[in-house]
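Chemist: For reference, the structure I am asking about is given below.
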Amino acid sequence: MLWIAHRGESFDAPENTLSAFRLATRTGADGIECDIHLTLDGEVVCIHDADTKRTSNAAFKISETPFSELRNLDFGSWKNTKWQGEKIPLLSELLEVVKPGMKVLIEIKSDPVIVNAMKLILKKSGLADDQIIIISFDQAAIVEAKKQLPQHKACWLTGYDENRNPSAGEIINVLRETGADGVDSHCADFIDAEFVRKIHDAGFEFHVWTIDEPEKAARFKTLGVDSITSNRAGFLKSLNFTLR
């Protein structure tokens with residue numbers, strides 16, 4: 001089972017910054033998760049929101065702003081003054097810090113057209129095909145990723161409503177329809193070993209997000225999930241949970 005650093009080691013460092021990504025490589029995380037958007041001038045940048053308001057010192061829409069303007073913003077001070085001056089990173093810059101064997105989960109947050117912009121970036125990175133996993137809540141983005149980048153795995157992201165939907169069967173149907181390799185699921189309390197087993201028995205992977213509590217992480221590891229995404233992945237991995 002793999003421990004994936006959510007937006008980098010974002011418990012300690014500002015999310016989706018090179019400092020958070022580099023910290024993940026030092027703490028022993030097995031992989032890094034990031035979010036990507038396309039700028040006005042076609043650059044692929046790592047940021048969760050569609051605008052910069054929450055994580056920088058100004059408010060700009062990513063899709064309406066050229067990269068050069070975004071690069072001038074401070075993406076660290078909101079977390080702590082010691083991170084002042086952090087810049088928004090390009091996807092290519094994240095891929096440069098990834099160590100051999102580490103996974104990179106790239107979440108598409110914008111229009112599926114970004115897949116075309118990603119193709120050359122991923123190829124130039126020199127990373128092995130199996131190091132890169134594309135994830136998205138948008139089923140159309142998963143379809144496009146499998147169409148243009150079939151050499152990389154793609155997993156559909158999902159949460160659940162108050163009626164515990166989608167069911168395991170509904171998830172399996174989506175995975176088959178989109179060509180996805182697995183599901184990246186919210187860590188809902190009702191998920192049990194049978195739920196995970198149904199996904200696995202259908203031939204798909206089962207990943208889960210986002211868990212920071214040791215007790216909850218231990219439970220989901222026991223359920224047999226393929227990875228756990230956490231804001232403190234290195235710390236949880238260091239606890240060396242044992243399966244019972």
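To be explicit about the labels: the chains of the structure tokens are called A, B, and onward in the order shown, and within each one the residues are counted from 1, while ligands get numbers from 1 in the order they are shown.
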May I have the residues within 10 Å of stretch 189-191 of chain A as a list in words, using only C-alpha atoms and disregarding those fewer than 2 positions away in the same chain?
Modeler: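 These residues fall inside the cut-off: Arg164, Ala168, Ser185, His186, Cys187, Ala193, Glu194, Phe195, Val196, Lys216, Phe220 and Leu223 of chain A.
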Chemist: Select from stretch 9-94 of chain A everything DSSP, run on the backbone, classes as strand (DSSP E or B), then give the selection as a PDB file with N, CA and C atoms, in the first residue's frame.
Modeler:
```
ATOM      1  N   GLY A  31       4.376   8.839  -2.832  1.00  0.00           N
ATOM      2  CA  GLY A  31       3.926   9.573  -3.994  1.00  0.00           C
ATOM      3  C   GLY A  31       3.450  10.959  -3.626  1.00  0.00           C
ATOM      4  N   ILE A  32       3.209  11.768  -4.647  1.00  0.00           N
ATOM      5  CA  ILE A  32       2.754  13.143  -4.470  1.00  0.00           C
ATOM      6  C   ILE A  32       1.489  13.344  -5.284  1.00  0.00           C
ATOM      7  N   GLU A  33       0.487  13.964  -4.669  1.00  0.00           N
ATOM      8  CA  GLU A  33      -0.724  14.360  -5.385  1.00  0.00           C
ATOM      9  C   GLU A  33      -0.682  15.855  -5.623  1.00  0.00           C
ATOM     10  N   CYS A  34      -1.128  16.276  -6.807  1.00  0.00           N
ATOM     11  CA  CYS A  34      -1.197  17.696  -7.116  1.00  0.00           C
ATOM     12  C   CYS A  34      -2.461  17.980  -7.910  1.00  0.00           C
ATOM     13  N   ASP A  35      -2.814  19.250  -8.008  1.00  0.00           N
ATOM     14  CA  ASP A  35      -3.963  19.688  -8.800  1.00  0.00           C
ATOM     15  C   ASP A  35      -3.444  20.589  -9.912  1.00  0.00           C
ATOM     16  N   ILE A  36      -4.069  20.507 -11.096  1.00  0.00           N
ATOM     17  CA  ILE A  36      -3.582  21.323 -12.203  1.00  0.00           C
ATOM     18  C   ILE A  36      -4.692  22.121 -12.882  1.00  0.00           C
ATOM     19  N   HIS A  37      -4.305  23.324 -13.317  1.00  0.00           N
ATOM     20  CA  HIS A  37      -5.155  24.210 -14.103  1.00  0.00           C
ATOM     21  C   HIS A  37      -4.345  24.738 -15.275  1.00  0.00           C
ATOM     22  N   LEU A  38      -5.048  25.242 -16.276  1.00  0.00           N
ATOM     23  CA  LEU A  38      -4.418  25.812 -17.460  1.00  0.00           C
ATOM     24  C   LEU A  38      -4.513  27.335 -17.393  1.00  0.00           C
ATOM     25  N   VAL A  44       0.591  24.806 -17.783  1.00  0.00           N
ATOM     26  CA  VAL A  44      -0.051  23.912 -16.814  1.00  0.00           C
ATOM     27  C   VAL A  44       0.571  24.160 -15.448  1.00  0.00           C
ATOM     28  N   VAL A  45      -0.228  24.696 -14.527  1.00  0.00           N
ATOM     29  CA  VAL A  45       0.273  25.060 -13.203  1.00  0.00           C
ATOM     30  C   VAL A  45      -0.386  24.218 -12.114  1.00  0.00           C
ATOM     31  N   CYS A  46       0.311  24.102 -10.994  1.00  0.00           N
ATOM     32  CA  CYS A  46      -0.191  23.331  -9.856  1.00  0.00           C
ATOM     33  C   CYS A  46      -0.904  24.259  -8.879  1.00  0.00           C
ATOM     34  N   ASP A  51      -9.054  29.980  -8.827  1.00  0.00           N
ATOM     35  CA  ASP A  51      -8.490  31.317  -8.666  1.00  0.00           C
ATOM     36  C   ASP A  51      -7.452  31.303  -7.558  1.00  0.00           C
ATOM     37  N   LYS A  61      -8.246  34.816 -11.629  1.00  0.00           N
ATOM     38  CA  LYS A  61      -8.699  33.546 -12.183  1.00  0.00           C
ATOM     39  C   LYS A  61      -7.559  32.954 -13.005  1.00  0.00           C
ATOM     40  N   LEU A  90       4.987  25.243 -12.038  1.00  0.00           N
ATOM     41  CA  LEU A  90       4.552  24.547 -13.240  1.00  0.00           C
ATOM     42  C   LEU A  90       4.516  23.049 -12.954  1.00  0.00           C
TER      43      LEU A  90
END
```
Chemist: Taking the DSSP assignment computed from this structure's backbone, write out as a VMD selection string all residues of stretch 20-190 of chain A that belong to alpha helix (DSSP H).
Modeler: chain A and resid 20 to 27 67 to 70 91 to 97 114 to 125 139 to 148 168 to 178
Chemist: Could you save the residues just selected, with N, CA and C atoms, as a compact mmCIF listing (two decimals), in the first residue's frame?
Modeler:
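The resulting file, part-v4.txt, is reproduced below:
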```
# COMPACT_ATOMS: atom_id res chain seq x y z
N ALA A 20 6.37 22.07 -0.58
CA ALA A 20 5.54 20.95 -0.13
C ALA A 20 5.89 19.67 -0.89
N PHE A 21 6.15 19.80 -2.17
CA PHE A 21 6.51 18.64 -2.97
C PHE A 21 7.88 18.09 -2.56
N ARG A 22 8.84 18.98 -2.36
CA ARG A 22 10.18 18.53 -1.95
C ARG A 22 10.15 17.90 -0.57
N LEU A 23 9.33 18.45 0.30
CA LEU A 23 9.22 17.89 1.64
C LEU A 23 8.70 16.45 1.58
N ALA A 24 7.79 16.19 0.66
CA ALA A 24 7.26 14.84 0.50
C ALA A 24 8.35 13.86 0.09
N THR A 25 9.30 14.31 -0.70
CA THR A 25 10.39 13.42 -1.11
C THR A 25 11.33 13.14 0.06
N ARG A 26 11.37 14.05 1.04
CA ARG A 26 12.27 13.87 2.18
C ARG A 26 11.64 13.09 3.33
N THR A 27 10.32 13.13 3.43
CA THR A 27 9.66 12.46 4.55
C THR A 27 9.37 10.99 4.27
N PHE A 67 0.75 33.20 -17.17
CA PHE A 67 1.62 32.61 -16.16
C PHE A 67 2.56 33.64 -15.54
N SER A 68 3.07 34.56 -16.34
CA SER A 68 4.04 35.55 -15.83
C SER A 68 3.44 36.38 -14.69
N GLU A 69 2.16 36.68 -14.75
CA GLU A 69 1.51 37.45 -13.68
C GLU A 69 1.29 36.58 -12.45
N LEU A 70 0.89 35.34 -12.66
CA LEU A 70 0.69 34.43 -11.54
C LEU A 70 2.00 34.17 -10.80
N LEU A 91 3.66 22.34 -13.65
CA LEU A 91 3.64 20.88 -13.52
C LEU A 91 5.01 20.31 -13.83
N SER A 92 5.67 20.86 -14.83
CA SER A 92 7.00 20.37 -15.21
C SER A 92 7.99 20.49 -14.07
N GLU A 93 7.86 21.53 -13.24
CA GLU A 93 8.77 21.73 -12.11
C GLU A 93 8.51 20.70 -11.02
N LEU A 94 7.25 20.35 -10.81
CA LEU A 94 6.95 19.28 -9.86
C LEU A 94 7.58 17.97 -10.33
N LEU A 95 7.41 17.65 -11.59
CA LEU A 95 7.90 16.37 -12.10
C LEU A 95 9.41 16.27 -11.98
N GLU A 96 10.10 17.40 -11.97
CA GLU A 96 11.56 17.40 -11.84
C GLU A 96 12.03 16.98 -10.45
N VAL A 97 11.18 17.17 -9.42
CA VAL A 97 11.61 16.84 -8.06
C VAL A 97 11.21 15.42 -7.65
N ILE A 114 -7.00 20.26 -21.12
CA ILE A 114 -5.68 20.32 -20.49
C ILE A 114 -4.89 19.05 -20.74
N VAL A 115 -5.57 17.96 -21.04
CA VAL A 115 -4.88 16.69 -21.31
C VAL A 115 -3.92 16.85 -22.48
N ASN A 116 -4.34 17.56 -23.50
CA ASN A 116 -3.48 17.77 -24.66
C ASN A 116 -2.24 18.56 -24.27
N ALA A 117 -2.40 19.52 -23.38
CA ALA A 117 -1.27 20.33 -22.93
C ALA A 117 -0.32 19.53 -22.06
N MET A 118 -0.84 18.49 -21.40
CA MET A 118 -0.02 17.67 -20.52
C MET A 118 0.88 16.70 -21.28
N LYS A 119 0.48 16.31 -22.46
CA LYS A 119 1.15 15.21 -23.16
C LYS A 119 2.65 15.40 -23.30
N LEU A 120 3.07 16.54 -23.82
CA LEU A 120 4.49 16.80 -24.02
C LEU A 120 5.21 16.95 -22.70
N ILE A 121 4.54 17.57 -21.72
CA ILE A 121 5.15 17.76 -20.40
C ILE A 121 5.48 16.42 -19.77
N LEU A 122 4.55 15.49 -19.82
CA LEU A 122 4.77 14.18 -19.23
C LEU A 122 5.87 13.43 -19.97
N LYS A 123 5.87 13.55 -21.30
CA LYS A 123 6.88 12.86 -22.09
C LYS A 123 8.27 13.39 -21.79
N LYS A 124 8.40 14.72 -21.68
CA LYS A 124 9.69 15.34 -21.42
C LYS A 124 10.21 15.07 -20.01
N SER A 125 9.32 14.72 -19.10
CA SER A 125 9.71 14.55 -17.70
C SER A 125 10.70 13.42 -17.50
N GLN A 139 -15.73 12.79 -15.36
CA GLN A 139 -15.65 11.56 -16.14
C GLN A 139 -15.12 11.82 -17.55
N ALA A 140 -15.47 12.97 -18.12
CA ALA A 140 -15.00 13.32 -19.46
C ALA A 140 -13.47 13.46 -19.47
N ALA A 141 -12.91 13.95 -18.38
CA ALA A 141 -11.46 14.10 -18.28
C ALA A 141 -10.78 12.73 -18.23
N ILE A 142 -11.40 11.78 -17.54
CA ILE A 142 -10.86 10.42 -17.49
C ILE A 142 -10.88 9.79 -18.88
N VAL A 143 -11.99 9.95 -19.57
CA VAL A 143 -12.11 9.42 -20.93
C VAL A 143 -11.02 10.01 -21.83
N GLU A 144 -10.84 11.31 -21.73
CA GLU A 144 -9.84 11.99 -22.58
C GLU A 144 -8.42 11.55 -22.21
N ALA A 145 -8.17 11.37 -20.91
CA ALA A 145 -6.85 10.94 -20.47
C ALA A 145 -6.53 9.55 -21.01
N LYS A 146 -7.49 8.64 -20.95
CA LYS A 146 -7.25 7.29 -21.45
C LYS A 146 -7.14 7.26 -22.96
N LYS A 147 -7.77 8.21 -23.62
CA LYS A 147 -7.69 8.30 -25.08
C LYS A 147 -6.32 8.81 -25.52
N GLN A 148 -5.85 9.89 -24.89
CA GLN A 148 -4.61 10.51 -25.33
C GLN A 148 -3.37 9.98 -24.62
N ALA A 168 -20.99 0.57 -4.72
CA ALA A 168 -19.85 -0.10 -5.34
C ALA A 168 -20.18 -0.49 -6.77
N GLY A 169 -21.41 -0.97 -6.99
CA GLY A 169 -21.83 -1.35 -8.33
C GLY A 169 -21.86 -0.18 -9.28
N GLU A 170 -22.34 0.96 -8.80
CA GLU A 170 -22.38 2.16 -9.64
C GLU A 170 -20.97 2.65 -9.97
N ILE A 171 -20.07 2.55 -9.00
CA ILE A 171 -18.68 2.94 -9.25
C ILE A 171 -18.08 2.05 -10.33
N ILE A 172 -18.31 0.76 -10.23
CA ILE A 172 -17.78 -0.18 -11.22
C ILE A 172 -18.29 0.16 -12.61
N ASN A 173 -19.56 0.52 -12.71
CA ASN A 173 -20.13 0.89 -14.01
C ASN A 173 -19.42 2.10 -14.60
N VAL A 174 -19.16 3.12 -13.75
CA VAL A 174 -18.46 4.32 -14.23
C VAL A 174 -17.05 3.97 -14.68
N LEU A 175 -16.37 3.14 -13.92
CA LEU A 175 -15.00 2.77 -14.28
C LEU A 175 -14.97 2.04 -15.62
N ARG A 176 -15.93 1.18 -15.84
CA ARG A 176 -15.99 0.46 -17.11
C ARG A 176 -16.32 1.39 -18.27
N GLU A 177 -17.24 2.31 -18.03
CA GLU A 177 -17.68 3.22 -19.09
C GLU A 177 -16.59 4.21 -19.49
N THR A 178 -15.79 4.64 -18.53
CA THR A 178 -14.76 5.64 -18.80
C THR A 178 -13.42 5.03 -19.19
```
Chemist: Hey, which of A:Thr222, A:Ser19, A:Ser110, A:Ser238 ends up closest to A:Gly76? Count only C-alpha atoms.
Modeler: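 The shortest atom-to-atom distance to A:Gly76 comes from A:Ser19.
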Chemist: What separation in Å, quoted to one decimal, exists between atom CA of A:Thr81 and atom CA of A:Gly8?
Modeler: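 Atom CA of A:Gly8 lies at a distance of 18.4 Å from atom CA of A:Thr81.
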Chemist: Counting only C-alpha atoms, what is within 8 Å of A:Ala5, bar same-chain residues fewer than 2 positions away, as a ChimeraX atom specification?
Modeler: /A:3,7-10,24,29-33,229-234
Chemist: For the selection just defined, write its residues with C-alpha atoms to a file, as a CSV table (one decimal), in the first residue's frame.
Modeler:
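Wrote again23.csv, looks like this:
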```csv
chain,number,residue,atom,x,y,z
A,3,TRP,CA,1.2,6.7,1.1
A,7,ARG,CA,-0.9,18.6,-2.5
A,8,GLY,CA,2.6,17.7,-1.2
A,9,GLU,CA,3.2,17.5,2.5
A,10,SER,CA,0.6,20.2,3.0
A,24,ALA,CA,7.3,14.8,0.5
A,29,ALA,CA,6.0,9.5,1.1
A,30,ASP,CA,5.5,7.0,-1.7
A,31,GLY,CA,3.9,9.6,-4.0
A,32,ILE,CA,2.8,13.1,-4.5
A,33,GLU,CA,-0.7,14.4,-5.4
A,229,THR,CA,-3.7,10.2,0.4
A,230,SER,CA,-2.8,12.4,3.4
A,231,ASN,CA,-1.7,15.9,4.2
A,232,ARG,CA,0.9,14.2,6.4
A,233,ALA,CA,1.8,11.1,4.4
A,234,GLY,CA,5.3,10.8,5.6
```
Chemist: I'd like the neighbourhood of A:Phe204 as a ChimeraX atom specification, where a residue qualifies if any of its atoms comes within 6 Å (using only C-alpha atoms), though same-chain residues fewer than 2 positions away should be ignored.
Modeler: /A:181-182,199-200,202
Chemist: Could you write out the selected residues, including C-alpha atoms, as a PDB file, in the first residue's frame?
Modeler:
```
ATOM      1  CA  ASP A 181      -8.108   1.827 -13.964  1.00  0.00           C
ATOM      2  CA  GLY A 182      -9.644   2.399 -10.571  1.00  0.00           C
ATOM      3  CA  ILE A 199     -14.078  -3.000  -6.596  1.00  0.00           C
ATOM      4  CA  HIS A 200     -10.981  -5.189  -6.539  1.00  0.00           C
ATOM      5  CA  ALA A 202     -14.110  -6.335 -10.691  1.00  0.00           C
TER       6      ALA A 202
END
```
Chemist: Counting only C-alpha atoms, what is within 7 Å of A:His207, bar same-chain residues fewer than 6 positions away, as a PyMOL selection string?
Modeler: chain A and resi 183-185+225-228
Chemist: Between atom CA of A:Gln151 and atom CA of A:Met102, measure the distance and give it in Å to one decimal.
Modeler: 16.7 Å
